[in-house]
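Chemist: Next comes the structure file input_34.txt, holding compact mmCIF, C-alpha atoms and all ligand atoms.
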# COMPACT_ATOMS: atom_id res chain seq x y z
CA MET A 1 24.58 40.17 -9.09
CA PRO A 2 21.45 38.33 -10.33
CA ASP A 3 21.66 34.53 -9.98
CA SER A 4 20.84 33.16 -13.42
CA ARG A 5 20.75 29.46 -12.46
CA PRO A 6 17.39 27.73 -13.05
CA ILE A 7 15.17 26.15 -10.39
CA GLY A 8 14.57 22.38 -10.63
CA VAL A 9 11.07 21.01 -10.02
CA PHE A 10 10.04 17.36 -10.11
CA ASP A 11 7.10 15.00 -9.73
CA SER A 12 6.24 11.47 -10.82
CA GLY A 13 4.11 12.96 -13.62
CA VAL A 14 2.02 16.00 -14.52
CA GLY A 15 0.71 16.69 -10.98
CA GLY A 16 3.68 18.89 -10.12
CA LEU A 17 2.60 21.24 -12.92
CA THR A 18 0.02 22.59 -10.45
CA VAL A 19 3.01 23.78 -8.36
CA LEU A 20 5.04 24.89 -11.38
CA HIS A 21 2.08 26.94 -12.64
CA GLU A 22 2.06 28.95 -9.38
CA CYS A 23 5.85 29.34 -9.51
CA LEU A 24 5.69 30.65 -13.10
CA VAL A 25 3.11 33.28 -12.25
CA THR A 26 4.75 34.26 -8.93
CA MET A 27 8.30 34.41 -10.35
CA PRO A 28 7.99 35.18 -14.08
CA TYR A 29 11.65 36.26 -14.10
CA GLU A 30 13.11 32.89 -13.01
CA ASP A 31 14.11 29.97 -15.26
CA PHE A 32 12.73 26.51 -14.43
CA VAL A 33 13.49 22.95 -15.44
CA TYR A 34 10.69 20.44 -14.69
CA LEU A 35 11.22 16.69 -14.67
CA GLY A 36 8.26 14.26 -14.78
CA ASP A 37 9.24 10.66 -13.99
CA HIS A 38 6.48 9.18 -16.16
CA ALA A 39 8.30 5.91 -16.82
CA ARG A 40 8.07 5.03 -13.10
CA LEU A 41 4.67 6.57 -12.31
CA PRO A 42 2.69 6.09 -10.10
CA TYR A 43 4.87 6.43 -7.00
CA GLY A 44 1.95 5.93 -4.60
CA PRO A 45 1.84 2.09 -4.64
CA ARG A 46 5.65 1.71 -4.46
CA SER A 47 7.84 1.01 -1.44
CA ARG A 48 9.51 3.74 0.60
CA ASP A 49 12.96 2.59 -0.47
CA GLU A 50 12.09 2.75 -4.16
CA VAL A 51 10.63 6.26 -3.94
CA ARG A 52 13.60 7.41 -1.82
CA ARG A 53 15.94 6.09 -4.50
CA PHE A 54 13.99 7.80 -7.33
CA ALA A 55 13.95 11.11 -5.45
CA HIS A 56 17.69 10.85 -4.80
CA GLU A 57 18.44 10.11 -8.48
CA ILE A 58 16.31 13.00 -9.72
CA GLY A 59 17.64 15.42 -7.09
CA VAL A 60 21.26 14.65 -8.02
CA TYR A 61 20.43 14.80 -11.75
CA LEU A 62 18.85 18.25 -11.36
CA GLU A 63 21.74 19.47 -9.25
CA ARG A 64 24.13 18.43 -12.03
CA GLN A 65 22.01 20.48 -14.45
CA GLY A 66 23.17 23.47 -12.40
CA VAL A 67 19.94 24.32 -10.54
CA LYS A 68 20.04 26.69 -7.55
CA MET A 69 17.15 25.00 -5.72
CA VAL A 70 15.12 21.78 -5.96
CA VAL A 71 11.34 21.90 -5.49
CA VAL A 72 9.84 18.49 -4.66
CA ALA A 73 6.39 18.95 -6.27
CA CYS A 74 5.26 15.50 -5.16
CA ASN A 75 3.73 14.74 -1.78
CA THR A 76 4.66 11.07 -1.98
CA ALA A 77 8.36 11.79 -2.53
CA THR A 78 8.23 14.53 0.12
CA SER A 79 6.63 12.25 2.70
CA VAL A 80 9.33 9.57 2.47
CA ALA A 81 12.44 11.29 1.09
CA LEU A 82 12.63 14.94 2.17
CA PRO A 83 15.16 14.72 5.03
CA ASP A 84 17.42 12.42 2.98
CA LEU A 85 17.30 14.77 0.00
CA GLN A 86 18.09 17.78 2.15
CA GLU A 87 21.14 15.96 3.50
CA GLN A 88 22.28 14.66 0.10
CA LEU A 89 21.96 17.81 -2.00
CA GLY A 90 24.13 20.90 -1.81
CA VAL A 91 21.26 23.24 -2.84
CA PRO A 92 18.15 24.12 -0.78
CA VAL A 93 15.20 21.72 -1.13
CA VAL A 94 11.66 23.13 -0.84
CA SER A 95 8.63 20.87 -0.75
CA VAL A 96 4.92 20.52 -0.26
CA ILE A 97 3.20 19.06 2.92
CA VAL A 98 4.37 21.43 5.70
CA PRO A 99 2.41 24.44 4.30
CA GLU A 100 -0.67 22.24 3.90
CA ALA A 101 -0.55 20.84 7.44
CA HIS A 102 -0.20 24.38 8.75
CA ALA A 103 -3.04 25.78 6.62
CA ALA A 104 -5.36 22.90 7.62
CA VAL A 105 -4.79 23.43 11.36
CA GLN A 106 -5.46 27.14 10.91
CA ALA A 107 -8.61 26.57 8.83
CA THR A 108 -10.47 23.90 10.81
CA ARG A 109 -13.22 25.10 13.11
CA ASN A 110 -14.32 21.72 14.50
CA ARG A 111 -10.74 20.31 14.70
CA ARG A 112 -11.55 17.40 12.39
CA ILE A 113 -9.12 17.25 9.49
CA GLY A 114 -9.22 14.80 6.60
CA LEU A 115 -6.44 13.81 4.22
CA LEU A 116 -6.75 12.40 0.69
CA ALA A 117 -3.42 11.22 -0.69
CA THR A 118 -1.56 8.28 -2.25
CA GLU A 119 -1.10 5.00 -0.40
CA LEU A 120 2.53 5.73 0.47
CA THR A 121 1.82 9.27 1.67
CA VAL A 122 -0.94 7.97 3.97
CA ALA A 123 1.24 5.07 5.18
CA SER A 124 4.16 7.44 5.96
CA GLY A 125 2.04 9.17 8.65
CA ARG A 126 3.88 12.43 7.85
CA TYR A 127 0.81 14.67 7.66
CA GLU A 128 -0.66 13.27 10.83
CA SER A 129 2.50 13.88 12.83
CA LEU A 130 2.83 17.44 11.47
CA VAL A 131 -0.82 18.22 12.22
CA ARG A 132 -0.48 16.79 15.74
CA THR A 133 2.67 18.80 16.36
CA LEU A 134 0.63 21.93 15.68
CA ASP A 135 -2.56 20.81 17.49
CA ALA A 136 -2.54 17.52 19.39
CA GLY A 137 -6.32 17.75 19.85
CA VAL A 138 -7.20 17.38 16.16
CA ARG A 139 -9.09 14.29 15.01
CA PHE A 140 -7.35 13.16 11.86
CA THR A 141 -8.79 10.81 9.20
CA ALA A 142 -6.68 9.73 6.21
CA VAL A 143 -7.87 7.92 3.09
CA ALA A 144 -5.63 6.56 0.32
CA CYS A 145 -6.93 7.16 -3.22
CA PRO A 146 -5.11 4.70 -5.54
CA LYS A 147 -7.48 5.17 -8.49
CA LEU A 148 -6.97 8.90 -8.97
CA VAL A 149 -3.40 9.43 -10.25
CA PRO A 150 -3.64 6.86 -13.09
CA LEU A 151 -6.98 8.37 -14.23
CA ILE A 152 -5.64 11.94 -14.14
CA GLU A 153 -2.50 10.90 -16.03
CA ALA A 154 -4.80 9.43 -18.68
CA GLY A 155 -6.29 12.92 -19.10
CA ASP A 156 -9.48 12.27 -17.14
CA THR A 157 -10.66 15.02 -14.80
CA TYR A 158 -14.45 14.72 -14.76
CA SER A 159 -15.65 11.33 -16.10
CA ASP A 160 -18.26 9.24 -14.28
CA GLU A 161 -15.43 7.02 -13.12
CA ILE A 162 -13.57 9.95 -11.52
CA VAL A 163 -16.73 11.26 -9.87
CA ALA A 164 -17.55 7.78 -8.47
CA ALA A 165 -13.98 7.35 -7.17
CA VAL A 166 -14.02 10.78 -5.50
CA ARG A 167 -17.38 9.97 -3.85
CA GLU A 168 -15.99 6.68 -2.55
CA TYR A 169 -12.86 8.30 -1.07
CA ALA A 170 -14.76 11.28 0.34
CA ALA A 171 -17.35 9.16 2.19
CA PRO A 172 -15.22 8.25 5.28
CA LEU A 173 -14.18 11.91 5.69
CA LYS A 174 -17.79 13.07 5.48
CA ASP A 175 -18.78 10.38 8.02
CA ALA A 176 -16.01 11.63 10.32
CA GLY A 177 -17.43 15.19 10.08
CA CYS A 178 -14.22 16.74 8.71
CA ASP A 179 -14.69 20.43 7.95
CA THR A 180 -11.23 20.70 6.38
CA VAL A 181 -9.73 18.31 3.85
CA ILE A 182 -6.13 18.32 2.66
CA LEU A 183 -5.71 17.38 -1.01
CA GLY A 184 -2.35 15.79 -0.26
CA CYS A 185 -1.20 14.95 -3.78
CA THR A 186 -0.15 17.50 -6.37
CA HIS A 187 -2.38 15.81 -8.95
CA TYR A 188 -5.59 16.38 -6.96
CA PRO A 189 -6.06 20.15 -7.44
CA LEU A 190 -6.81 19.21 -11.06
CA LEU A 191 -10.04 17.64 -9.67
CA ARG A 192 -10.90 20.56 -7.42
CA PRO A 193 -14.41 21.21 -8.83
CA VAL A 194 -15.35 17.53 -8.38
CA PHE A 195 -14.01 17.49 -4.80
CA GLN A 196 -15.75 20.75 -3.88
CA ARG A 197 -19.12 19.56 -5.21
CA THR A 198 -18.75 16.23 -3.43
CA PHE A 199 -17.84 17.74 -0.05
CA GLY A 200 -20.13 20.76 -0.29
CA ARG A 201 -19.27 24.40 0.18
CA ASP A 202 -18.80 24.27 3.97
CA VAL A 203 -15.73 22.07 3.70
CA THR A 204 -12.40 23.87 3.21
CA LEU A 205 -10.10 22.20 0.70
CA VAL A 206 -6.41 22.73 1.38
CA PHE A 207 -3.62 22.36 -1.17
CA SER A 208 -0.29 24.01 -1.27
CA ALA A 209 0.70 25.06 -4.79
CA ASP A 210 0.47 28.79 -4.10
CA GLU A 211 2.07 28.55 -0.65
CA THR A 212 4.90 26.43 -2.00
CA ALA A 213 5.52 29.03 -4.71
CA ARG A 214 5.57 31.75 -2.07
CA GLU A 215 8.10 29.77 -0.03
CA VAL A 216 10.31 29.34 -3.11
CA ALA A 217 10.16 33.09 -3.80
CA GLU A 218 10.93 34.03 -0.18
CA THR A 219 13.79 31.55 0.09
CA LEU A 220 15.39 32.91 -3.10
CA ALA A 221 15.01 36.51 -1.89
CA ARG A 222 16.44 35.83 1.57
CA LYS A 223 19.39 33.87 0.27
CA GLY A 224 20.13 36.44 -2.43
CA PHE A 225 19.52 33.81 -5.14
CA GLU A 226 17.04 35.82 -7.24
CA ASN A 227 17.43 36.36 -10.95
CA ASP A 228 17.05 39.83 -12.50
CA THR A 229 13.37 40.55 -11.73
CA THR A 230 12.90 42.69 -14.85
CA ARG A 231 13.56 39.81 -17.27
CA GLU A 232 11.15 37.18 -18.56
CA GLY A 233 12.27 33.69 -17.58
CA ARG A 234 12.31 30.48 -19.62
CA TYR A 235 11.24 27.00 -18.69
CA ARG A 236 11.80 23.57 -20.12
CA PHE A 237 10.51 20.08 -19.57
CA LEU A 238 12.06 16.66 -19.25
CA THR A 239 10.24 13.33 -19.00
CA THR A 240 11.32 9.74 -18.61
CA GLY A 241 8.16 8.81 -20.56
CA ASP A 242 6.74 9.76 -23.96
CA PRO A 243 7.36 13.48 -24.69
CA SER A 244 4.32 13.81 -26.99
CA VAL A 245 1.95 12.45 -24.34
CA PHE A 246 3.48 14.82 -21.78
CA ARG A 247 3.13 17.78 -24.17
CA THR A 248 -0.57 17.24 -24.82
CA LEU A 249 -1.56 16.68 -21.21
CA GLY A 250 0.96 19.13 -19.78
CA GLU A 251 -0.28 22.11 -21.77
CA ARG A 252 -3.81 21.49 -20.55
CA PHE A 253 -2.74 21.30 -16.92
CA LEU A 254 -0.07 24.03 -16.95
CA GLN A 255 -2.38 26.52 -18.70
CA LEU A 256 0.64 28.07 -20.35
CA PRO A 257 2.48 27.15 -23.57
CA LEU A 258 4.70 24.12 -23.00
CA GLY A 259 7.23 24.24 -25.85
CA ASP A 260 9.73 21.45 -26.24
CA VAL A 261 9.74 18.37 -24.06
CA GLU A 262 12.97 16.37 -23.93
CA ARG A 263 13.26 12.72 -23.03
CA VAL A 264 15.61 11.52 -20.28
CA GLU A 265 16.25 7.80 -20.02
CA VAL A 266 15.75 6.20 -16.61
CA ARG A 267 19.24 4.71 -16.92
CA GLU A 268 20.67 8.27 -17.16
CA LEU A 269 19.04 9.03 -13.81
CA GLU A 270 20.27 5.77 -12.31
CA ALA A 271 23.79 6.48 -13.56
CA VAL A 272 24.19 9.83 -11.77
CA ALA A 273 23.22 8.59 -8.33
N1 LIG B 301 1.85 13.95 -7.57
C1 LIG B 301 2.29 12.83 -6.75
C2 LIG B 301 2.03 13.20 -5.30
O1 LIG B 301 1.93 14.37 -5.03
C3 LIG B 301 1.65 11.59 -7.29
C4 LIG B 301 2.20 10.33 -6.75
C5 LIG B 301 2.08 9.13 -7.61
O2 LIG B 301 2.77 9.06 -8.63
O3 LIG B 301 1.37 8.20 -7.19
O4 LIG B 301 1.96 12.39 -4.41
I'd like the structure from this file rewritten - as structure tokens, please.
Modeler:
Amino acid sequence: MPDSRPIGVFDSGVGGLTVLHECLVTMPYEDFVYLGDHARLPYGPRSRDEVRRFAHEIGVYLERQGVKMVVVACNTATSVALPDLQEQLGVPVVSVIVPEAHAAVQATRNRRIGLLATELTVASGRYESLVRTLDAGVRFTAVACPKLVPLIEAGDTYSDEIVAAVREYAAPLKDAGCDTVILGCTHYPLLRPVFQRTFGRDVTLVFSADETAREVAETLARKGFENDTTREGRYRFLTTGDPSVFRTLGERFLQLPLGDVERVEVRELEAVA
């Protein structure tokens, strides 16, 4: 019996669309519901407790929408809230971070790995501990990039300001001789060309959208949760912010038609938790 329930995906904003994009092309037969918490973006400068609470509210909200799995398409929420969410929700929770740490350890040749991420992701130390679990001999350098998410959410992916910010954040990783750099925020793949030019072609950039999508697909298959693979799935979008702003930016970043975007009030999220 095909499982027709949708898959829930969330992020603070449009960054998680990089993950959703991969899910939509890997599993065209599944239905998805994506929630962007634009009213409370950015998560990066917030406290752990706040982001844990937001992740909990959204996870419970999505579960009540009848999803069969929750994909945390936000490194910041993953780094502080994943174990809590997995305990609190009755459905499987798949997230970013672990595939990236794994891929980075496999890719590095000089065992110097860099991380670019939000303030809270860097402060959580989650990547560093995962990388060290896999290879305790790696030299790890992490840099928080507070300017990037607000610029990307304003639709900026290649202005002089973005290029200058990327150069500033890349400099300590270049000084440390990192040959592998984790783009540890789902917004950052949208700046991939700028990062690759700044680091040069010998540096491997690691991000996890495709591996996360693969993990979602494998988990569904193993648990027997797949929909009918001959159908074409649907997807819909929810935002706590302005739906028209989301629609314009989202279509550009998703690279697929977006359709309707519905608004969810923050108080509706607060009420379910
Ligand atoms: N896309 C989120 C992440 O992966 C952005 C966090 C933010 O809102 O600052 O970390």
Chemist: Got a sec: who's within 8 Å of A:Ala165, counting only C-alpha atoms, leaving out chain neighbours fewer than 4 positions off, as a CSV table (one decimal) with C-alpha atoms, keeping the file's coordinate frame?
Modeler:
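Listing of out.csv after writing:
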chain,number,residue,atom,x,y,z
A,147,LYS,CA,-7.5,5.2,-8.5
A,148,LEU,CA,-7.0,8.9,-9.0
A,161,GLU,CA,-15.4,7.0,-13.1
A,169,TYR,CA,-12.9,8.3,-1.1
Chemist: Residues within 6 Å of ligand LIG 301 (chain B) should be enumerated using all atoms listed in the file and returned as a PyMOL selection string.
Modeler: chain A and resi 11-12+15-16+41-44+74-76+118+149+185-187
Chemist: May I ask which of the residues A:Leu115, A:Ala77, A:Val261, A:Ala107 is the closest one to A:Gly59, counting only C-alpha atoms?
Modeler: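 Between A:Leu115, A:Ala77, A:Val261, A:Ala107, the residue approaching A:Gly59 most closely is A:Ala77.
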Chemist: Let me make sure I understand: among A:Gln88, A:Thr204, A:Thr229, A:Thr239, which one has the smallest atom-to-atom distance to A:Val264 if we use only C-alpha atoms?
Modeler: A:Thr239
Chemist: Out of A:Arg222, A:His21, A:Arg236, A:Arg64, which residue has the shortest atom-to-atom distance to A:Leu254 when counting all atoms listed in the file?
Modeler: A:His21
Chemist: List the neighbours of stretch 94-99 of chain A out to 8 Å using all atoms listed in the file; skip same-chain residues closer than 2 positions along the sequence, and give me the result as a list in words.
Modeler: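 Listed by chain and then number, they are Met69, Val70, Val71, Val72, Ala73, Cys74, Asn75, Thr78, Ser79, Leu82, Pro92, Ala101, His102, Ala103, Tyr127, Leu130, Gly184, Ser208, Ala209, Glu211, Thr212, Glu215 and Val216 of chain A.
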Chemist: Nearest to A:Gln86: which of A:Val60, A:Met1, A:Leu258, A:Val143 is it, counting all atoms listed in the file?
Modeler: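 Closest to A:Gln86 of all the choices is A:Val60.
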Chemist: Measure the distance from atom CA of A:Val14 to atom CA of A:Glu153 in Å and round it to one decimal.
Modeler: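 So the two atoms, atom CA of A:Val14 and atom CA of A:Glu153, lie 7.0 Å apart.
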Chemist: Neighbours of A:Glu270 within 10 Å (all atoms listed in the file; same-chain residues fewer than 3 positions away dropped), as a VMD selection string?
Modeler: chain A and resid 53 to 54 56 to 58 60 to 61 265 to 267 273
Chemist: So how far away is atom CA of A:Tyr188 from atom CA of A:Asp260, in Å?
Modeler: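 Straight-line distance from atom CA of A:Asp260 to atom CA of A:Tyr188 works out to 25.1 Å.
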Chemist: For each of A:Ser159, A:Thr121, A:Thr180, A:Asn227, take the minimum atom-to-atom distance to A:Leu205, counting only C-alpha atoms, then give the residue where this is smallest.
Modeler: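 Closest candidate: A:Thr180.
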Chemist: Starting from the sparse input, extend stretch 10-33 of chain A to N, CA and C atoms and give the output as a PDB file, keeping the file's coordinate frame.
Modeler:
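Resulting contents of part_3.pdb:
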ATOM      1  N   PHE A  10      10.367  18.690  -9.597  1.00  0.00           N
ATOM      2  CA  PHE A  10      10.040  17.360 -10.110  1.00  0.00           C
ATOM      3  C   PHE A  10       8.824  16.733  -9.442  1.00  0.00           C
ATOM      4  N   ASP A  11       8.247  15.800 -10.184  1.00  0.00           N
ATOM      5  CA  ASP A  11       7.100  15.000  -9.730  1.00  0.00           C
ATOM      6  C   ASP A  11       7.163  13.676 -10.485  1.00  0.00           C
ATOM      7  N   SER A  12       6.318  12.730 -10.070  1.00  0.00           N
ATOM      8  CA  SER A  12       6.240  11.470 -10.820  1.00  0.00           C
ATOM      9  C   SER A  12       5.619  11.712 -12.205  1.00  0.00           C
ATOM     10  N   GLY A  13       4.795  12.758 -12.345  1.00  0.00           N
ATOM     11  CA  GLY A  13       4.110  12.960 -13.620  1.00  0.00           C
ATOM     12  C   GLY A  13       3.722  14.405 -13.819  1.00  0.00           C
ATOM     13  N   VAL A  14       2.461  14.633 -14.225  1.00  0.00           N
ATOM     14  CA  VAL A  14       2.020  16.000 -14.520  1.00  0.00           C
ATOM     15  C   VAL A  14       1.489  16.749 -13.287  1.00  0.00           C
ATOM     16  N   GLY A  15       1.301  16.050 -12.162  1.00  0.00           N
ATOM     17  CA  GLY A  15       0.710  16.690 -10.980  1.00  0.00           C
ATOM     18  C   GLY A  15       1.509  17.900 -10.516  1.00  0.00           C
ATOM     19  N   GLY A  16       2.828  17.798 -10.580  1.00  0.00           N
ATOM     20  CA  GLY A  16       3.680  18.890 -10.120  1.00  0.00           C
ATOM     21  C   GLY A  16       3.514  20.153 -10.956  1.00  0.00           C
ATOM     22  N   LEU A  17       2.849  20.030 -12.105  1.00  0.00           N
ATOM     23  CA  LEU A  17       2.600  21.240 -12.920  1.00  0.00           C
ATOM     24  C   LEU A  17       1.672  22.198 -12.189  1.00  0.00           C
ATOM     25  N   THR A  18       0.872  21.688 -11.237  1.00  0.00           N
ATOM     26  CA  THR A  18       0.020  22.590 -10.450  1.00  0.00           C
ATOM     27  C   THR A  18       0.911  23.513  -9.595  1.00  0.00           C
ATOM     28  N   VAL A  19       2.047  22.979  -9.139  1.00  0.00           N
ATOM     29  CA  VAL A  19       3.010  23.780  -8.360  1.00  0.00           C
ATOM     30  C   VAL A  19       3.807  24.678  -9.300  1.00  0.00           C
ATOM     31  N   LEU A  20       4.261  24.090 -10.427  1.00  0.00           N
ATOM     32  CA  LEU A  20       5.040  24.890 -11.380  1.00  0.00           C
ATOM     33  C   LEU A  20       4.226  26.083 -11.884  1.00  0.00           C
ATOM     34  N   HIS A  21       2.947  25.849 -12.164  1.00  0.00           N
ATOM     35  CA  HIS A  21       2.080  26.940 -12.640  1.00  0.00           C
ATOM     36  C   HIS A  21       2.164  28.133 -11.674  1.00  0.00           C
ATOM     37  N   GLU A  22       2.013  27.855 -10.372  1.00  0.00           N
ATOM     38  CA  GLU A  22       2.060  28.950  -9.380  1.00  0.00           C
ATOM     39  C   GLU A  22       3.439  29.596  -9.353  1.00  0.00           C
ATOM     40  N   CYS A  23       4.490  28.769  -9.495  1.00  0.00           N
ATOM     41  CA  CYS A  23       5.850  29.340  -9.510  1.00  0.00           C
ATOM     42  C   CYS A  23       6.031  30.262 -10.713  1.00  0.00           C
ATOM     43  N   LEU A  24       5.499  29.855 -11.873  1.00  0.00           N
ATOM     44  CA  LEU A  24       5.690  30.650 -13.100  1.00  0.00           C
ATOM     45  C   LEU A  24       4.963  31.987 -13.028  1.00  0.00           C
ATOM     46  N   VAL A  25       3.809  32.001 -12.341  1.00  0.00           N
ATOM     47  CA  VAL A  25       3.110  33.280 -12.250  1.00  0.00           C
ATOM     48  C   VAL A  25       3.644  34.142 -11.108  1.00  0.00           C
ATOM     49  N   THR A  26       4.188  33.487 -10.059  1.00  0.00           N
ATOM     50  CA  THR A  26       4.750  34.260  -8.930  1.00  0.00           C
ATOM     51  C   THR A  26       6.135  34.808  -9.274  1.00  0.00           C
ATOM     52  N   MET A  27       6.910  34.010 -10.037  1.00  0.00           N
ATOM     53  CA  MET A  27       8.300  34.410 -10.350  1.00  0.00           C
ATOM     54  C   MET A  27       8.525  34.347 -11.864  1.00  0.00           C
ATOM     55  N   PRO A  28       7.866  35.259 -12.617  1.00  0.00           N
ATOM     56  CA  PRO A  28       7.990  35.180 -14.080  1.00  0.00           C
ATOM     57  C   PRO A  28       9.411  35.424 -14.586  1.00  0.00           C
ATOM     58  N   TYR A  29      10.271  35.930 -13.710  1.00  0.00           N
ATOM     59  CA  TYR A  29      11.650  36.260 -14.100  1.00  0.00           C
ATOM     60  C   TYR A  29      12.630  35.102 -13.904  1.00  0.00           C
ATOM     61  N   GLU A  30      12.195  34.022 -13.249  1.00  0.00           N
ATOM     62  CA  GLU A  30      13.110  32.890 -13.010  1.00  0.00           C
ATOM     63  C   GLU A  30      13.032  31.872 -14.151  1.00  0.00           C
ATOM     64  N   ASP A  31      14.118  31.101 -14.328  1.00  0.00           N
ATOM     65  CA  ASP A  31      14.110  29.970 -15.260  1.00  0.00           C
ATOM     66  C   ASP A  31      13.825  28.690 -14.463  1.00  0.00           C
ATOM     67  N   PHE A  32      13.089  27.775 -15.089  1.00  0.00           N
ATOM     68  CA  PHE A  32      12.730  26.510 -14.430  1.00  0.00           C
ATOM     69  C   PHE A  32      13.042  25.326 -15.328  1.00  0.00           C
ATOM     70  N   VAL A  33      13.416  24.215 -14.708  1.00  0.00           N
ATOM     71  CA  VAL A  33      13.490  22.950 -15.440  1.00  0.00           C
ATOM     72  C   VAL A  33      12.643  21.940 -14.651  1.00  0.00           C
TER      73      VAL A  33
END
